[in-house]
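Source file coords22.cif; content: mmCIF, C-alpha atoms.
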data_protein
#
loop_
_atom_site.group_PDB
_atom_site.id
_atom_site.type_symbol
_atom_site.label_atom_id
_atom_site.label_comp_id
_atom_site.auth_asym_id
_atom_site.auth_seq_id
_atom_site.Cartn_x
_atom_site.Cartn_y
_atom_site.Cartn_z
ATOM 1 C CA ASP A 1 37.123 85.148 16.305
ATOM 2 C CA ASP A 2 35.237 84.504 13.071
ATOM 3 C CA TYR A 3 31.976 84.007 14.968
ATOM 4 C CA ASP A 4 31.679 80.481 13.571
ATOM 5 C CA ALA A 5 31.073 78.007 16.365
ATOM 6 C CA CYS A 6 32.416 75.221 14.196
ATOM 7 C CA THR A 7 35.912 76.646 13.851
ATOM 8 C CA GLU A 8 38.801 76.724 16.223
ATOM 9 C CA ASP A 9 40.208 80.226 16.153
ATOM 10 C CA TYR A 10 43.759 81.062 17.147
ATOM 11 C CA CYS A 11 46.612 83.337 16.338
ATOM 12 C CA TYR A 12 50.066 82.231 15.384
ATOM 13 C CA ALA A 13 52.971 84.486 14.629
ATOM 14 C CA GLY A 14 50.587 87.395 14.331
ATOM 15 C CA GLU A 15 48.329 85.658 11.871
ATOM 16 C CA CYS A 16 44.754 84.487 12.536
ATOM 17 C CA PHE A 17 43.729 80.928 11.807
ATOM 18 C CA ASN A 18 40.227 79.500 11.761
ATOM 19 C CA ASP A 19 40.441 75.699 11.516
ATOM 20 C CA MET A 20 37.271 73.705 11.026
ATOM 21 C CA MET A 21 36.376 71.561 14.008
ATOM 22 C CA SER A 22 36.997 67.868 13.274
ATOM 23 C CA CYS A 23 33.877 65.756 13.739
ATOM 24 C CA GLU A 24 35.261 62.622 12.113
ATOM 25 C CA ASP A 25 34.110 59.519 14.029
ATOM 26 C CA ASP A 26 35.876 56.980 11.765
ATOM 27 C CA ASN A 27 32.500 55.445 10.927
ATOM 28 C CA LEU A 28 31.935 55.143 7.186
ATOM 29 C CA CYS A 29 28.217 54.787 7.780
ATOM 30 C CA THR A 30 27.777 58.344 9.100
ATOM 31 C CA GLU A 31 28.009 61.777 7.532
ATOM 32 C CA ASP A 32 29.983 63.886 9.988
ATOM 33 C CA PHE A 33 29.648 67.660 10.233
ATOM 34 C CA CYS A 34 29.467 70.480 12.707
ATOM 35 C CA TYR A 35 26.334 72.450 13.424
ATOM 36 C CA ASN A 36 26.198 75.327 15.906
ATOM 37 C CA GLY A 37 29.375 74.126 17.507
ATOM 38 C CA GLU A 38 28.140 70.578 17.975
ATOM 39 C CA CYS A 39 29.286 67.538 16.023
ATOM 40 C CA VAL A 40 26.521 65.754 14.190
ATOM 41 C CA HIS A 41 26.861 62.160 12.932
ATOM 42 C CA GLU A 42 24.020 61.535 10.499
ATOM 43 C CA ASP A 43 23.290 57.939 9.529
ATOM 44 C CA LYS A 44 23.861 57.450 5.817
ATOM 45 C CA SER A 45 23.236 53.707 5.556
ATOM 46 C CA SER A 46 20.214 54.516 3.380
ATOM 47 C CA TRP A 47 22.682 55.750 0.777
ATOM 48 C CA CYS A 48 23.735 52.129 0.311
ATOM 49 C CA ASP A 49 20.597 51.188 -1.613
ATOM 50 C CA ASP A 50 21.771 49.623 -4.906
ATOM 51 C CA GLU A 51 18.168 49.472 -6.204
ATOM 52 C CA ASN A 52 18.516 45.727 -6.692
ATOM 53 C CA GLN A 53 15.591 43.826 -5.152
ATOM 54 C CA CYS A 54 17.730 40.689 -5.018
ATOM 55 C CA THR A 55 20.262 42.073 -2.544
ATOM 56 C CA ILE A 56 20.177 43.135 1.086
ATOM 57 C CA ASN A 57 22.058 46.404 1.516
ATOM 58 C CA LEU A 58 24.137 46.884 4.626
ATOM 59 C CA CYS A 59 26.638 49.379 5.920
ATOM 60 C CA ASP A 60 29.803 48.364 7.702
ATOM 61 C CA PRO A 61 31.370 51.092 9.865
ATOM 62 C CA ALA A 62 34.854 49.998 8.773
ATOM 63 C CA SER A 63 34.312 49.315 5.065
ATOM 64 C CA GLY A 64 31.159 51.223 4.153
ATOM 65 C CA CYS A 65 28.374 49.975 1.874
ATOM 66 C CA THR A 66 28.106 46.242 1.304
ATOM 67 C CA SER A 67 25.396 43.996 -0.106
ATOM 68 C CA VAL A 68 24.567 40.296 0.172
ATOM 69 C CA ASP A 69 22.288 38.184 -2.000
ATOM 70 C CA LYS A 70 18.727 37.897 -0.732
ATOM 71 C CA ASN A 71 17.727 34.377 0.297
ATOM 72 C CA CYS A 72 14.576 33.526 -1.661
ATOM 73 C CA ASN A 73 14.348 29.947 -0.443
ATOM 74 C CA ASP A 74 10.801 29.424 0.904
ATOM 75 C CA ASN A 75 11.564 25.823 1.953
ATOM 76 C CA ASP A 76 8.713 24.628 -0.232
ATOM 77 C CA ALA A 77 9.663 21.827 -2.637
ATOM 78 C CA CYS A 78 6.591 22.672 -4.727
ATOM 79 C CA THR A 79 7.931 26.028 -5.881
ATOM 80 C CA ASP A 80 10.858 27.067 -8.047
ATOM 81 C CA ASP A 81 12.505 29.974 -6.251
ATOM 82 C CA SER A 82 14.194 32.754 -8.192
ATOM 83 C CA CYS A 83 14.847 36.467 -7.958
ATOM 84 C CA HIS A 84 14.361 39.357 -10.387
ATOM 85 C CA PRO A 85 16.377 42.553 -9.763
ATOM 86 C CA PHE A 86 13.304 44.758 -10.285
ATOM 87 C CA ILE A 87 10.718 42.562 -8.536
ATOM 88 C CA GLY A 88 12.502 40.524 -5.881
ATOM 89 C CA CYS A 89 11.719 36.955 -4.927
ATOM 90 C CA ILE A 90 9.553 34.959 -7.328
ATOM 91 C CA TYR A 91 7.947 31.620 -6.478
ATOM 92 C CA THR A 92 6.719 29.579 -9.444
ATOM 93 C CA ASP A 93 4.628 26.449 -8.890
ATOM 94 C CA VAL A 94 6.379 23.202 -9.799
ATOM 95 C CA VAL A 95 4.518 21.210 -12.464
ATOM 96 C CA CYS A 96 4.360 17.514 -11.512
ATOM 97 C CA VAL A 97 3.490 15.329 -14.501
ATOM 98 C CA ASP A 98 4.721 11.735 -14.955
ATOM 99 C CA ASP A 99 2.638 11.020 -18.085
ATOM 100 C CA ASP A 100 1.107 7.956 -16.426
ATOM 101 C CA PRO A 101 -2.719 8.113 -16.552
ATOM 102 C CA CYS A 102 -2.930 5.618 -13.686
ATOM 103 C CA THR A 103 -1.208 7.875 -11.145
ATOM 104 C CA GLU A 104 -2.289 11.051 -9.398
ATOM 105 C CA ASN A 105 0.074 13.993 -9.969
ATOM 106 C CA GLN A 106 0.636 15.651 -6.610
ATOM 107 C CA CYS A 107 3.195 17.815 -4.888
ATOM 108 C CA LYS A 108 4.106 17.786 -1.203
ATOM 109 C CA SER A 109 5.850 20.865 0.156
ATOM 110 C CA CYS A 110 8.322 18.778 2.159
ATOM 111 C CA SER A 111 9.378 16.330 -0.574
ATOM 112 C CA GLY A 112 8.205 17.621 -3.964
ATOM 113 C CA CYS A 113 6.478 15.646 -6.712
ATOM 114 C CA VAL A 114 4.809 12.370 -5.783
ATOM 115 C CA TYR A 115 2.765 10.083 -7.977
ATOM 116 C CA PRO A 116 0.488 7.793 -5.937
ATOM 117 C CA THR A 117 -1.382 5.075 -7.840
ATOM 118 C CA LYS A 118 -4.965 5.981 -8.707
ATOM 119 C CA ASP A 119 -7.408 4.328 -6.319
ATOM 120 C CA CYS A 120 -9.749 2.177 -8.409
ATOM 121 C CA SER A 121 -11.176 0.210 -5.517
ATOM 122 C CA ASP A 122 -14.946 -0.236 -5.612
ATOM 123 C CA TYR A 123 -14.778 -1.929 -2.195
ATOM 124 C CA SER A 124 -16.359 -5.095 -3.556
ATOM 125 C CA SER A 125 -14.594 -8.448 -3.178
ATOM 126 C CA CYS A 126 -16.511 -9.670 -6.232
ATOM 127 C CA THR A 127 -14.497 -7.627 -8.708
ATOM 128 C CA ILE A 128 -10.857 -7.391 -9.721
ATOM 129 C CA ASP A 129 -10.092 -3.671 -9.815
ATOM 130 C CA ARG A 130 -7.378 -2.155 -11.987
ATOM 131 C CA CYS A 131 -6.503 0.923 -13.974
ATOM 132 C CA ASP A 132 -6.240 0.850 -17.757
ATOM 133 C CA SER A 133 -2.782 2.279 -18.461
ATOM 134 C CA SER A 134 -3.813 3.488 -21.916
ATOM 135 C CA THR A 135 -6.824 5.528 -20.810
ATOM 136 C CA GLY A 136 -6.503 6.001 -17.054
ATOM 137 C CA SER A 137 -10.032 4.632 -16.594
ATOM 138 C CA CYS A 138 -10.817 2.215 -13.804
ATOM 139 C CA VAL A 139 -11.777 -1.276 -14.952
ATOM 140 C CA TYR A 140 -13.779 -3.732 -12.833
ATOM 141 C CA GLN A 141 -13.676 -7.402 -13.824
ATOM 142 C CA ASP A 142 -16.023 -9.892 -12.169
ATOM 143 C CA VAL A 143 -14.321 -12.495 -10.001
ATOM 144 C CA ASP A 144 -14.668 -16.042 -11.388
ATOM 145 C CA CYS A 145 -16.206 -18.094 -8.576
ATOM 146 C CA ASP A 146 -16.626 -21.313 -10.571
ATOM 147 C CA ASP A 147 -15.173 -24.120 -8.437
ATOM 148 C CA GLY A 148 -15.704 -26.761 -11.155
ATOM 149 C CA ASN A 149 -18.121 -28.606 -8.914
ATOM 150 C CA GLU A 150 -21.604 -29.096 -10.407
ATOM 151 C CA CYS A 151 -22.953 -29.975 -6.981
ATOM 152 C CA THR A 152 -22.539 -26.443 -5.601
ATOM 153 C CA ASP A 153 -24.305 -23.223 -6.440
ATOM 154 C CA ASP A 154 -21.528 -20.658 -6.981
ATOM 155 C CA ASP A 155 -22.192 -17.038 -6.074
ATOM 156 C CA CYS A 156 -20.354 -13.965 -4.818
ATOM 157 C CA ASP A 157 -20.972 -11.735 -1.815
ATOM 158 C CA GLY A 158 -19.214 -8.396 -2.304
ATOM 159 C CA THR A 159 -19.177 -7.683 1.442
ATOM 160 C CA LYS A 160 -17.084 -10.747 2.293
ATOM 161 C CA TYR A 161 -13.303 -10.214 2.413
ATOM 162 C CA PRO A 162 -10.868 -11.095 1.112
ATOM 163 C CA ASN A 163 -12.728 -13.617 -1.060
ATOM 164 C CA GLY A 164 -16.389 -12.967 -1.836
ATOM 165 C CA CYS A 165 -17.065 -16.327 -3.475
ATOM 166 C CA THR A 166 -19.730 -18.463 -1.797
ATOM 167 C CA TYR A 167 -20.565 -22.099 -2.495
ATOM 168 C CA THR A 168 -23.945 -23.551 -1.472
ATOM 169 C CA ARG A 169 -24.585 -27.262 -1.778
ATOM 170 C CA THR A 170 -26.997 -27.965 -4.626
ATOM 171 C CA VAL A 171 -30.320 -29.493 -3.518
ATOM 172 C CA CYS A 172 -31.143 -32.399 -5.858
ATOM 173 C CA ASP A 173 -34.482 -33.386 -4.299
ATOM 174 C CA ASP A 174 -37.048 -33.964 -7.056
ATOM 175 C CA TYR A 175 -39.736 -34.617 -4.415
ATOM 176 C CA ASN A 176 -40.333 -38.095 -5.816
ATOM 177 C CA LEU A 177 -40.115 -40.781 -3.157
ATOM 178 C CA CYS A 178 -39.543 -43.383 -5.811
ATOM 179 C CA THR A 179 -36.199 -41.949 -6.923
ATOM 180 C CA LYS A 180 -32.862 -41.822 -5.244
ATOM 181 C CA ASP A 181 -31.531 -38.311 -5.686
ATOM 182 C CA THR A 182 -27.790 -37.888 -5.925
ATOM 183 C CA CYS A 183 -25.365 -35.394 -7.387
ATOM 184 C CA ASP A 184 -22.470 -36.017 -9.728
ATOM 185 C CA LEU A 185 -19.543 -33.625 -9.333
ATOM 186 C CA LYS A 186 -19.205 -33.361 -13.108
ATOM 187 C CA THR A 187 -22.798 -33.418 -14.307
ATOM 188 C CA GLY A 188 -24.829 -32.282 -11.339
ATOM 189 C CA CYS A 189 -28.125 -33.795 -10.131
ATOM 190 C CA VAL A 190 -28.904 -37.326 -11.285
#
What would you get if you wrote out this structure as structure tokens?
Amino acid sequence: DDYDACTEDYCYAGECFNDMMSCEDDNLCTEDFCYNGECVHEDKSSWCDDENQCTINLCDPASGCTSVDKNCNDNDACTDDSCHPFIGCIYTDVVCVDDDPCTENQCKSCSGCVYPTKDCSDYSSCTIDRCDSSTGSCVYQDVDCDDGNECTDDDCDGTKYPNGCTYTRTVCDDYNLCTKDTCDLKTGCV
């Protein structure tokens, strides 16, 4: 007896033997040893850290330390996803520019860059609204309500849709009972 609880003591052919107790559990993720006669299987998966922030470190009981690439995909089409070994996942904002001054540069997380046309509406049916492609400024051109009829007063009501033009019959009364008041389509009151 060598007074070591972690050895198996025996005598063979008159000679003493003190064999270490086997605590091997065939698990490469544990450190196996004997303490006070009891087998201890200490988890050593933390030893698998490769100090690379772009990998996930695992321990397989049969093969030992393994690592897989970290998935940095944030499912956001408005970020460029990458990974730096010292930092980990990095998400950089996507820059959406189409160089068209008449569009709004936007990004939607589900689809990415979108370029909706700039809204130049002044909500008046008396103007033709457009965007100047050279400057990006909104331009408002008055609607031409001239109907070519000199016997109507042509005007525009911006609240009427879709066409704000209004045509009121011209009153040709000269308040003289001795004249016959008429209107000529080309020249107006006669």
Residues matched by the PyMOL selection byres ((chain A and resi 50) around 12) as a list in words: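 Against this file, the PyMOL selection byres ((chain A and resi 50) around 12) returns the residues Ser45, Ser46, Trp47, Cys48, Asp49, Glu51, Asn52, Gln53, Cys54, Thr55, Ile56, Asn57, Leu58, Cys59, Cys65, Thr66, Ser67, Val68, Asp69, Pro85 and Phe86 of chain A.
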Counting all atoms listed in the file, write as a list in words all protein and nucleic acid residues lying at most 9 Å from (-17.4, -1.3, -13.6) in the file's frame.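 In the file's frame, the residues around the point are Asp122, Thr127, Asp129, Cys138, Val139, Tyr140, Gln141 and Asp142 of chain A.
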Any idea what the distance is between atom CA of Cys83 of chain A and atom CA of Leu28 of chain A? 29.5 Å
Take atom CA of Cys189 of chain A and atom CA of Ser125 of chain A and report the distance between them in Å, one decimal. 29.6 Å
Written as a count of residues only, which residues does the PyMOL selection byres ((chain A and resi 158) around 6) give for the file shown? 7
Give me, as a count of residues only, all polymer residues having an atom no more than 9 Å from segment 106-115 of chain A, counting all atoms listed in the file and skipping those fewer than 3 positions away in the same chain. 13
Coordinates-based distance that separates atom CA of Asn149 of chain A from atom CA of Lys186 of chain A (Å, one decimal):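 Separating atom CA of Lys186 of chain A from atom CA of Asn149 of chain A is a distance of 6.4 Å.
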Taking the file as shown, find all residues satisfying the PyMOL selection byres ((chain A and resi 21-25) around 6) and write them as an NGL selection string. :A and (6-7 or 20 or 26-27 or 32-33 or 39)
Distance criterion (all atoms listed in the file): nearest to Gly148 of chain A out of A:Leu185, A:Ile87, A:Cys34, A:Ala5: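 With all atoms listed in the file as the atom set, the closest residue is A:Leu185.
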Give me, as a VMD selection string, all polymer residues having an atom no more than 12 Å from Asp147 of chain A, counting only C-alpha atoms and skipping those fewer than 3 positions away in the same chain. chain A and resid 143 to 144 150 to 156 165 to 169 185 to 186
Using all atoms of segment 120-132 of chain A that appear in the file, construct an axis-aligned enclosing box with 6 Å of padding on every side and provide its centre coordinates and edge lengths in Å, rounded to one decimal, as lines of an AutoDock Vina configuration file.
center_x = -11.4
center_y = -3.7
center_z = -10.0
size_x = 22.3
size_y = 23.8
size_z = 27.6
Closest of A:Thr170, A:Asp19, A:Asp43, A:Asp80 to Cys183 of chain A - atom-to-atom distances counting all atoms listed in the file: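 Among the listed residues, the smallest separation from Cys183 of chain A belongs to A:Thr170.
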Pick out the closest residue to Asp174 of chain A from this set: A:Glu38, A:Gly14, A:Val190, A:Lys70. Count all atoms listed in the file.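 Among the listed residues, A:Val190 lies closest to Asp174 of chain A.
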Neighbouring residues of Asn18 of chain A were defined as those with any atom within 8 Å, considering only C-alpha atoms; residues of the same chain fewer than 2 positions away were excluded. Please report them as a PDB file with C-alpha atoms, in the frame of the given file.
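around09.pdb written:
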ATOM      1  CA  ASP A   1      37.123  85.148  16.305  1.00  0.00           C
ATOM      2  CA  ASP A   2      35.237  84.504  13.071  1.00  0.00           C
ATOM      3  CA  THR A   7      35.912  76.646  13.851  1.00  0.00           C
ATOM      4  CA  GLU A   8      38.801  76.724  16.223  1.00  0.00           C
ATOM      5  CA  ASP A   9      40.208  80.226  16.153  1.00  0.00           C
ATOM      6  CA  TYR A  10      43.759  81.062  17.147  1.00  0.00           C
ATOM      7  CA  CYS A  16      44.754  84.487  12.536  1.00  0.00           C
ATOM      8  CA  MET A  20      37.271  73.705  11.026  1.00  0.00           C
TER       9      MET A  20
END
Residues at most 9 Å from Tyr91 of chain A, counting all atoms listed in the file, excluding those fewer than 2 positions away in the same chain, as a list in words?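 Once the nearby chain positions are removed, what remains is Cys72, Asn73, Asp74, Thr79, Asp80, Asp81, Ser82, Cys83, Cys89 and Asp93 of chain A.
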Can you complete the atoms of segment 171-189 of chain A to N, CA and C atoms and list them as a PDB file, in the frame of the given file?
ATOM      1  N   VAL A 171     -29.260 -28.585  -3.992  1.00  0.00           N
ATOM      2  CA  VAL A 171     -30.320 -29.493  -3.518  1.00  0.00           C
ATOM      3  C   VAL A 171     -30.867 -30.241  -4.731  1.00  0.00           C
ATOM      4  N   CYS A 172     -30.717 -31.579  -4.709  1.00  0.00           N
ATOM      5  CA  CYS A 172     -31.143 -32.399  -5.858  1.00  0.00           C
ATOM      6  C   CYS A 172     -32.472 -33.117  -5.603  1.00  0.00           C
ATOM      7  N   ASP A 173     -33.204 -32.736  -4.628  1.00  0.00           N
ATOM      8  CA  ASP A 173     -34.482 -33.386  -4.299  1.00  0.00           C
ATOM      9  C   ASP A 173     -35.519 -33.079  -5.385  1.00  0.00           C
ATOM     10  N   ASP A 174     -36.000 -34.144  -6.031  1.00  0.00           N
ATOM     11  CA  ASP A 174     -37.048 -33.964  -7.056  1.00  0.00           C
ATOM     12  C   ASP A 174     -38.432 -34.228  -6.483  1.00  0.00           C
ATOM     13  N   TYR A 175     -38.468 -34.407  -5.143  1.00  0.00           N
ATOM     14  CA  TYR A 175     -39.736 -34.617  -4.415  1.00  0.00           C
ATOM     15  C   TYR A 175     -40.493 -35.858  -4.893  1.00  0.00           C
ATOM     16  N   ASN A 176     -39.733 -36.821  -5.387  1.00  0.00           N
ATOM     17  CA  ASN A 176     -40.333 -38.095  -5.816  1.00  0.00           C
ATOM     18  C   ASN A 176     -39.758 -39.182  -4.922  1.00  0.00           C
ATOM     19  N   LEU A 177     -40.592 -39.789  -4.119  1.00  0.00           N
ATOM     20  CA  LEU A 177     -40.115 -40.781  -3.157  1.00  0.00           C
ATOM     21  C   LEU A 177     -39.625 -42.047  -3.840  1.00  0.00           C
ATOM     22  N   CYS A 178     -39.931 -42.169  -5.106  1.00  0.00           N
ATOM     23  CA  CYS A 178     -39.543 -43.383  -5.811  1.00  0.00           C
ATOM     24  C   CYS A 178     -38.192 -43.256  -6.510  1.00  0.00           C
ATOM     25  N   THR A 179     -37.524 -42.119  -6.312  1.00  0.00           N
ATOM     26  CA  THR A 179     -36.199 -41.949  -6.923  1.00  0.00           C
ATOM     27  C   THR A 179     -35.180 -41.683  -5.835  1.00  0.00           C
ATOM     28  N   LYS A 180     -33.970 -42.104  -6.144  1.00  0.00           N
ATOM     29  CA  LYS A 180     -32.862 -41.822  -5.244  1.00  0.00           C
ATOM     30  C   LYS A 180     -32.086 -40.645  -5.837  1.00  0.00           C
ATOM     31  N   ASP A 181     -32.135 -39.540  -5.153  1.00  0.00           N
ATOM     32  CA  ASP A 181     -31.531 -38.311  -5.686  1.00  0.00           C
ATOM     33  C   ASP A 181     -30.076 -38.209  -5.230  1.00  0.00           C
ATOM     34  N   THR A 182     -29.223 -38.054  -6.208  1.00  0.00           N
ATOM     35  CA  THR A 182     -27.790 -37.888  -5.925  1.00  0.00           C
ATOM     36  C   THR A 182     -27.251 -36.766  -6.809  1.00  0.00           C
ATOM     37  N   CYS A 183     -26.008 -36.437  -6.583  1.00  0.00           N
ATOM     38  CA  CYS A 183     -25.365 -35.394  -7.387  1.00  0.00           C
ATOM     39  C   CYS A 183     -24.007 -35.875  -7.855  1.00  0.00           C
ATOM     40  N   ASP A 184     -23.763 -35.688  -9.141  1.00  0.00           N
ATOM     41  CA  ASP A 184     -22.470 -36.017  -9.728  1.00  0.00           C
ATOM     42  C   ASP A 184     -21.645 -34.743  -9.842  1.00  0.00           C
ATOM     43  N   LEU A 185     -20.384 -34.809  -9.355  1.00  0.00           N
ATOM     44  CA  LEU A 185     -19.543 -33.625  -9.333  1.00  0.00           C
ATOM     45  C   LEU A 185     -19.368 -33.009 -10.719  1.00  0.00           C
ATOM     46  N   LYS A 186     -19.442 -33.853 -11.745  1.00  0.00           N
ATOM     47  CA  LYS A 186     -19.205 -33.361 -13.108  1.00  0.00           C
ATOM     48  C   LYS A 186     -20.475 -32.972 -13.844  1.00  0.00           C
ATOM     49  N   THR A 187     -21.576 -33.668 -13.537  1.00  0.00           N
ATOM     50  CA  THR A 187     -22.798 -33.418 -14.307  1.00  0.00           C
ATOM     51  C   THR A 187     -23.916 -32.791 -13.488  1.00  0.00           C
ATOM     52  N   GLY A 188     -23.815 -32.856 -12.183  1.00  0.00           N
ATOM     53  CA  GLY A 188     -24.829 -32.282 -11.339  1.00  0.00           C
ATOM     54  C   GLY A 188     -25.827 -33.315 -10.859  1.00  0.00           C
ATOM     55  N   CYS A 189     -27.087 -32.918 -10.674  1.00  0.00           N
ATOM     56  CA  CYS A 189     -28.125 -33.795 -10.131  1.00  0.00           C
ATOM     57  C   CYS A 189     -28.426 -34.944 -11.094  1.00  0.00           C
TER      58      CYS A 189
END
